[in-house]
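A.B. asks: Please find run-v2.txt (compact mmCIF, C-alpha atoms and all ligand atoms) on the next line:
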# COMPACT_ATOMS: atom_id res chain seq x y z
CA MET A 1 2.51 9.08 -15.28
CA ASP A 2 0.49 11.27 -17.54
CA PHE A 3 3.59 12.44 -19.38
CA LEU A 4 4.34 9.01 -20.80
CA VAL A 5 3.25 8.19 -24.29
CA HIS A 6 0.26 5.90 -23.87
CA ASN A 7 1.11 3.25 -26.43
CA THR A 8 3.22 1.05 -24.22
CA GLY A 9 2.74 -0.76 -20.93
CA TRP A 10 4.61 0.14 -17.78
CA ILE A 11 4.93 -0.46 -14.05
CA GLU A 12 4.36 2.20 -11.38
CA VAL A 13 5.18 1.44 -7.74
CA ILE A 14 3.89 3.41 -4.75
CA CYS A 15 5.71 2.33 -1.58
CA GLY A 16 6.28 3.48 1.97
CA PRO A 17 5.21 2.66 5.54
CA MET A 18 1.66 2.27 6.84
CA PHE A 19 -0.33 5.53 7.05
CA SER A 20 1.82 7.19 4.37
CA GLY A 21 -0.99 7.52 1.82
CA LYS A 22 -0.24 4.61 -0.50
CA SER A 23 -3.87 3.54 -0.82
CA GLU A 24 -5.01 7.15 -1.24
CA GLU A 25 -2.52 7.63 -4.05
CA LEU A 26 -3.43 4.32 -5.69
CA ILE A 27 -7.11 5.20 -5.57
CA ARG A 28 -6.40 8.68 -7.01
CA ARG A 29 -4.47 7.25 -9.95
CA LEU A 30 -7.03 4.54 -10.70
CA ARG A 31 -9.91 7.04 -10.55
CA ARG A 32 -8.09 9.23 -13.03
CA ALA A 33 -7.59 6.25 -15.33
CA ARG A 34 -11.35 5.66 -15.20
CA ILE A 35 -11.97 9.33 -16.01
CA ALA A 36 -9.70 8.80 -19.02
CA ARG A 37 -12.14 6.00 -19.97
CA LYS A 38 -9.60 3.25 -19.49
CA ARG A 39 -10.69 -0.21 -18.42
CA VAL A 40 -9.43 -0.69 -14.88
CA GLN A 41 -9.24 -3.78 -12.67
CA VAL A 42 -8.11 -3.61 -9.05
CA PHE A 43 -6.85 -6.47 -6.89
CA LYS A 44 -6.22 -6.80 -3.17
CA PRO A 45 -5.08 -9.78 -1.09
CA SER A 46 -7.83 -11.65 0.73
CA ILE A 47 -5.60 -11.74 3.85
CA ASP A 48 -6.52 -8.12 4.42
CA VAL A 49 -10.27 -7.80 4.80
CA ARG A 50 -9.99 -5.42 7.80
CA TYR A 51 -12.34 -2.80 6.43
CA SER A 52 -13.97 -4.36 3.39
CA ALA A 53 -13.82 -7.62 1.45
CA ASP A 54 -14.47 -6.06 -1.93
CA GLU A 55 -12.93 -2.60 -1.73
CA ILE A 56 -9.61 -0.91 -1.18
CA VAL A 57 -10.09 1.38 1.81
CA SER A 58 -7.63 4.09 2.84
CA HIS A 59 -7.21 5.38 6.38
CA THR A 60 -9.15 8.45 5.26
CA ASP A 61 -11.95 6.11 4.16
CA ALA A 62 -11.50 6.62 0.42
CA ARG A 63 -12.86 3.48 -1.24
CA LEU A 64 -12.57 1.74 -4.57
CA LYS A 65 -14.08 -1.58 -5.67
CA ALA A 66 -11.48 -4.35 -5.83
CA GLU A 67 -11.33 -8.09 -6.45
CA CYS A 68 -9.89 -10.26 -3.69
CA VAL A 69 -7.18 -12.79 -4.51
CA THR A 70 -5.18 -15.15 -2.31
CA GLY A 71 -1.99 -14.26 -4.19
CA ALA A 72 -0.56 -12.91 -7.43
CA GLY A 73 -1.09 -16.29 -9.15
CA GLU A 74 -4.86 -15.74 -9.01
CA ILE A 75 -4.75 -12.35 -10.73
CA LEU A 76 -4.14 -13.76 -14.21
CA GLY A 77 -7.19 -16.03 -13.93
CA LYS A 78 -9.40 -13.07 -13.03
CA LEU A 79 -7.97 -10.71 -15.60
CA ASP A 80 -10.16 -9.50 -18.43
CA TRP A 81 -7.90 -9.29 -21.51
CA ARG A 82 -9.49 -5.92 -22.37
CA THR A 83 -8.29 -4.36 -19.11
CA GLN A 84 -5.82 -1.54 -19.72
CA VAL A 85 -4.92 -0.58 -16.16
CA VAL A 86 -4.24 -3.12 -13.40
CA GLY A 87 -4.09 -1.84 -9.81
CA VAL A 88 -2.70 -3.92 -6.93
CA ASP A 89 -2.92 -2.86 -3.28
CA GLU A 90 -1.00 -4.40 -0.34
CA ALA A 91 1.46 -5.91 -2.82
CA ASN A 92 3.67 -7.10 0.04
CA PHE A 93 1.02 -9.78 0.73
CA MET A 94 0.79 -10.94 -2.90
CA GLY A 95 3.81 -13.26 -3.01
CA PRO A 96 6.90 -13.37 -5.23
CA GLU A 97 4.87 -14.30 -8.35
CA LEU A 98 3.79 -10.67 -8.54
CA VAL A 99 7.15 -9.71 -10.06
CA ASP A 100 6.84 -11.88 -13.18
CA LEU A 101 3.16 -11.12 -13.47
CA ALA A 102 3.72 -7.36 -13.41
CA GLN A 103 6.41 -7.74 -16.07
CA GLN A 104 4.12 -9.85 -18.28
CA LEU A 105 1.25 -7.40 -17.93
CA ALA A 106 3.45 -4.39 -18.68
CA ASP A 107 5.04 -6.20 -21.63
CA SER A 108 1.57 -6.86 -23.02
CA GLY A 109 0.79 -3.13 -22.98
CA LYS A 110 -0.94 -2.69 -19.65
CA GLN A 111 -0.38 0.06 -17.09
CA VAL A 112 0.37 -1.70 -13.79
CA VAL A 113 0.04 0.35 -10.60
CA ILE A 114 1.30 -1.38 -7.48
CA ALA A 115 1.11 -0.14 -3.88
CA GLY A 116 2.77 -1.85 -0.91
CA LEU A 117 4.98 -1.69 2.16
CA ASP A 118 8.64 -1.42 1.24
CA THR A 119 9.93 -2.49 4.66
CA ASP A 120 8.63 -4.88 7.32
CA TYR A 121 8.24 -4.41 11.07
CA LEU A 122 11.99 -4.93 11.57
CA GLY A 123 12.86 -2.35 8.92
CA ARG A 124 13.98 -4.93 6.35
CA PRO A 125 13.12 -4.63 2.64
CA PHE A 126 9.79 -6.40 2.17
CA PRO A 127 9.60 -8.75 -0.85
CA PRO A 128 8.50 -8.51 -3.58
CA ILE A 129 8.62 -4.68 -3.52
CA PRO A 130 12.44 -4.36 -3.90
CA ASP A 131 12.40 -6.34 -7.17
CA LEU A 132 9.42 -4.38 -8.43
CA LEU A 133 11.25 -1.12 -7.72
CA ALA A 134 14.14 -2.31 -9.87
CA LEU A 135 11.82 -3.15 -12.75
CA ALA A 136 9.40 -0.21 -12.57
CA GLU A 137 9.27 2.80 -14.88
CA SER A 138 8.05 5.00 -12.04
CA ILE A 139 8.59 4.92 -8.27
CA THR A 140 6.84 7.01 -5.65
CA LYS A 141 7.96 6.77 -2.04
CA THR A 142 5.36 8.05 0.36
CA LEU A 143 6.28 9.06 3.90
CA ALA A 144 4.00 9.25 6.92
CA ILE A 145 4.32 11.44 10.01
CA CYS A 146 6.26 10.00 12.93
CA MET A 147 3.83 9.46 15.80
CA ARG A 148 6.53 10.20 18.36
CA CYS A 149 8.23 13.32 17.04
CA GLY A 150 6.35 14.59 13.96
CA ASN A 151 9.21 14.11 11.50
CA PRO A 152 8.74 12.39 8.14
CA ALA A 153 8.41 8.67 8.84
CA LYS A 154 9.57 5.79 6.67
CA HIS A 155 9.09 2.99 9.19
CA THR A 156 6.13 0.90 10.28
CA GLN A 157 6.45 0.37 14.03
CA ARG A 158 4.71 -2.72 15.40
CA LEU A 159 3.21 -2.06 18.83
CA VAL A 160 2.02 -5.57 19.66
CA GLU A 161 4.17 -8.53 20.49
CA SER A 162 4.66 -11.09 17.70
CA GLY A 163 7.55 -12.60 15.82
CA ASP A 164 5.38 -13.23 12.74
CA LEU A 165 6.22 -11.30 9.61
CA ILE A 166 2.55 -10.72 8.87
CA VAL A 167 0.20 -9.44 11.56
CA VAL A 168 -2.74 -7.72 9.92
CA GLY A 169 -3.82 -4.62 11.78
CA ALA A 170 -3.88 -0.85 11.77
CA THR A 171 -4.11 1.90 14.34
CA GLY A 172 -3.24 0.55 17.77
CA MET A 173 -1.16 -2.31 16.35
CA TYR A 174 1.11 -0.25 14.16
CA GLU A 175 2.24 3.34 13.93
CA ALA A 176 4.50 5.34 11.66
CA ARG A 177 7.95 6.22 12.99
CA CYS A 178 10.95 8.11 11.64
CA ARG A 179 14.42 6.63 11.42
CA ARG A 180 15.39 7.98 14.83
CA CYS A 181 12.29 6.90 16.73
CA PHE A 182 11.90 3.48 15.08
CA GLU A 183 12.66 0.52 17.34
CA PRO A 184 12.83 -2.78 15.45
CA GLY A 185 10.58 -5.31 17.14
CA VAL A 186 8.32 -4.35 19.99
CA PRO A 187 9.09 -1.18 21.93
CA PRO A 188 8.92 -1.06 25.72
CA HIS A 189 5.66 0.48 26.87
CA GLN A 190 5.65 4.21 26.31
CA GLU A 191 3.08 6.78 27.25
CA GLU A 192 1.20 8.03 24.22
CA LEU A 193 1.93 11.64 23.36
CA PRO A 194 -1.07 13.98 23.71
CA PHE A 195 -1.18 14.93 20.02
CA VAL A 196 -1.32 11.24 19.09
CA THR A 197 -4.29 10.66 21.41
CA ALA A 198 -6.01 13.71 19.91
CA MET A 199 -5.43 12.42 16.35
CA ARG A 200 -6.76 8.99 17.25
CA ARG A 201 -9.94 10.48 18.65
CA ALA A 202 -10.48 12.85 15.73
CA PRO A 203 -13.61 11.85 13.77
CA SER A 204 -11.63 11.70 10.49
CA ASN A 205 -9.54 8.84 11.85
CA ARG A 206 -11.12 5.42 11.92
CA GLU A 207 -10.65 3.14 14.95
P1 LIG B 301 -1.39 3.63 3.58
O1 LIG B 301 -2.11 2.96 2.42
O2 LIG B 301 0.01 4.04 3.22
O3 LIG B 301 -1.45 2.84 4.85
P2 LIG B 301 -3.66 5.42 3.58
O4 LIG B 301 -3.75 5.95 2.17
O5 LIG B 301 -4.57 4.30 3.93
O6 LIG B 301 -2.13 5.01 3.87
O7 LIG B 301 -3.92 6.57 4.66
C1 LIG B 301 -3.24 7.80 4.64
C2 LIG B 301 -3.97 8.75 5.58
O8 LIG B 301 -3.84 8.29 6.92
C3 LIG B 301 -3.41 10.15 5.62
O9 LIG B 301 -3.94 10.98 4.60
C4 LIG B 301 -3.86 10.65 7.00
O10 LIG B 301 -5.14 11.22 6.95
C5 LIG B 301 -3.99 9.38 7.83
N1 LIG B 301 -2.94 9.20 8.84
C6 LIG B 301 -3.11 8.58 10.04
N2 LIG B 301 -1.95 8.51 10.71
C7 LIG B 301 -1.00 9.11 9.95
C8 LIG B 301 0.41 9.35 10.10
N3 LIG B 301 1.09 8.95 11.17
N4 LIG B 301 1.06 9.99 9.11
C9 LIG B 301 0.39 10.39 8.01
N5 LIG B 301 -0.94 10.18 7.82
C10 LIG B 301 -1.63 9.55 8.76
ZN ZN B 302 10.41 10.39 15.09
Just give me the structure as structure tokens.

C.D. replies:
Amino acid sequence: MDFLVHNTGWIEVICGPMFSGKSEELIRRLRRARIARKRVQVFKPSIDVRYSADEIVSHTDARLKAECVTGAGEILGKLDWRTQVVGVDEANFMGPELVDLAQQLADSGKQVVIAGLDTDYLGRPFPPIPDLLALAESITKTLAICMRCGNPAKHTQRLVESGDLIVVGATGMYEARCRRCFEPGVPPHQEELPFVTAMRRAPSNRE
């Protein structure tokens, strides 16, 4: 959002399925803010400590220091009033309070950059992202690559059986799927395609 005049706050949302590069993009924007000598604070939900308790970690292993919170309500308490840029990863785990908080922060002149899943494992809009999209100045939708056919993928396919909305996991538990290949809920067992096995074993892919 470099083209915006920098004397007002605003909200940027980065959304899409798992593996679509949301964390990478969030990290890129926050690093640039630091290069611009802005004061940056980054928050992530403590529910997701898969790879690190005090960092955002992308699937390409890009990392950025972050503060853990149990929900959006805790962010205000940890906020330094001098902070100019507030980053939030995994916003879909932050709770509905994130909407009002993001508005308050933007109204008080801060740049708020939020990344999160826009749909859940059944393909339904995942709160609070839909409301944030309506209120944001800037929206970026990231797509992944469908692990069955290679097309652009907007869905997060759950591969393990569970009716819970939240099951924290990554490769092996979820994969990206396009509209055509997505099967809401758990798919019947399917043989993994050879290029998927090769990608999983590649050293650049964790797990
Ligand atoms: P997100 O935060 O959206 O889950 P990350 O930023 O953590 O995504 O990871 C994105 C990276 O994941 C890509 O740059 C790529 O290297 C890797 N990746 C693994 N599987 C896929 C996939 N199916 N489609 C696209 N990228 C993938
Ligand atoms: Zn597909």

A.B. asks: Can you pull out every residue with an atom within 7 Å of ligand ZN 302 (chain B)? Use all atoms listed in the file and format it as a PDB file with C-alpha atoms, in the coordinates of the input.

C.D. replies:
ATOM      1  CA  CYS A 146       6.260  10.000  12.930  1.00  0.00           C
ATOM      2  CA  MET A 147       3.830   9.460  15.800  1.00  0.00           C
ATOM      3  CA  ARG A 148       6.530  10.200  18.360  1.00  0.00           C
ATOM      4  CA  CYS A 149       8.230  13.320  17.040  1.00  0.00           C
ATOM      5  CA  GLY A 150       6.350  14.590  13.960  1.00  0.00           C
ATOM      6  CA  ASN A 151       9.210  14.110  11.500  1.00  0.00           C
ATOM      7  CA  ALA A 153       8.410   8.670   8.840  1.00  0.00           C
ATOM      8  CA  ARG A 177       7.950   6.220  12.990  1.00  0.00           C
ATOM      9  CA  CYS A 178      10.950   8.110  11.640  1.00  0.00           C
ATOM     10  CA  ARG A 179      14.420   6.630  11.420  1.00  0.00           C
ATOM     11  CA  ARG A 180      15.390   7.980  14.830  1.00  0.00           C
ATOM     12  CA  CYS A 181      12.290   6.900  16.730  1.00  0.00           C
TER      13      CYS A 181
END

A.B. asks: Skipping near chain neighbours, those fewer than 2 positions away, what residues fall within 12 Å of Thr83 (chain A) using all atoms listed in the file, listed as an MDAnalysis selection string?

C.D. replies: chainID A and resid 9 33:34 37:42 76 78:81 85:87 105:106 108:112

A.B. asks: Listed atoms of region 144-158 of chain A, axis-aligned box, 8 Å per side: centre and edge lengths to one decimal in Å, as AutoDock Vina command-line options?

C.D. replies:
--center_x 6.7 --center_y 5.9 --center_z 12.5 --size_x 21.7 --size_y 33.3 --size_z 27.7

A.B. asks: Could you report the residues within 8 Å of ligand LIG 301 (chain B), using only C-alpha atoms and all ligand atoms, as a ChimeraX atom specification?

C.D. replies: /A:15-25,57-62,90,115-117,142-147,153,171,175-177,199,204-205

A.B. asks: Could you tell me how far CA of Leu98 (chain A) lies from CA of Tyr174 (chain A), in Å and to one decimal?

C.D. replies: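 Going from CA of Leu98 (chain A) over to CA of Tyr174 (chain A) covers 25.1 Å.
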
A.B. asks: Would you mind reading off the distance between CA of Ile56 (chain A) and CA of Gly172 (chain A), one decimal, in Å?

C.D. replies: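 Pair CA of Ile56 (chain A) / CA of Gly172 (chain A) returns 20.0 Å.
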
A.B. asks: Suppose you want the space between CA of Ser162 (chain A) and CA of Thr70 (chain A); what is it in Å?

C.D. replies: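 That distance, rounded to one decimal, is 22.7 Å.
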
A.B. asks: Find the spatial neighbours of Pro125 (chain A), counting all atoms listed in the file, within a cut-off of 12 Å - ignore same-chain residues fewer than 2 positions away - and output them as a ChimeraX atom specification.

C.D. replies: /A:15-17,92,116-123,127-133,154-156,165

A.B. asks: Write out the residues from the selection above, keeping C-alpha atoms, as an mmCIF file, in the coordinates of the input.

C.D. replies:
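Full text of result_11.cif as output:
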data_model
loop_
_atom_site.group_PDB
_atom_site.id
_atom_site.type_symbol
_atom_site.label_atom_id
_atom_site.label_comp_id
_atom_site.auth_asym_id
_atom_site.auth_seq_id
_atom_site.Cartn_x
_atom_site.Cartn_y
_atom_site.Cartn_z
ATOM 1 C CA CYS A 15 5.710 2.330 -1.580
ATOM 2 C CA GLY A 16 6.280 3.480 1.970
ATOM 3 C CA PRO A 17 5.210 2.660 5.540
ATOM 4 C CA ASN A 92 3.670 -7.100 0.040
ATOM 5 C CA GLY A 116 2.770 -1.850 -0.910
ATOM 6 C CA LEU A 117 4.980 -1.690 2.160
ATOM 7 C CA ASP A 118 8.640 -1.420 1.240
ATOM 8 C CA THR A 119 9.930 -2.490 4.660
ATOM 9 C CA ASP A 120 8.630 -4.880 7.320
ATOM 10 C CA TYR A 121 8.240 -4.410 11.070
ATOM 11 C CA LEU A 122 11.990 -4.930 11.570
ATOM 12 C CA GLY A 123 12.860 -2.350 8.920
ATOM 13 C CA PRO A 127 9.600 -8.750 -0.850
ATOM 14 C CA PRO A 128 8.500 -8.510 -3.580
ATOM 15 C CA ILE A 129 8.620 -4.680 -3.520
ATOM 16 C CA PRO A 130 12.440 -4.360 -3.900
ATOM 17 C CA ASP A 131 12.400 -6.340 -7.170
ATOM 18 C CA LEU A 132 9.420 -4.380 -8.430
ATOM 19 C CA LEU A 133 11.250 -1.120 -7.720
ATOM 20 C CA LYS A 154 9.570 5.790 6.670
ATOM 21 C CA HIS A 155 9.090 2.990 9.190
ATOM 22 C CA THR A 156 6.130 0.900 10.280
ATOM 23 C CA LEU A 165 6.220 -11.300 9.610
#
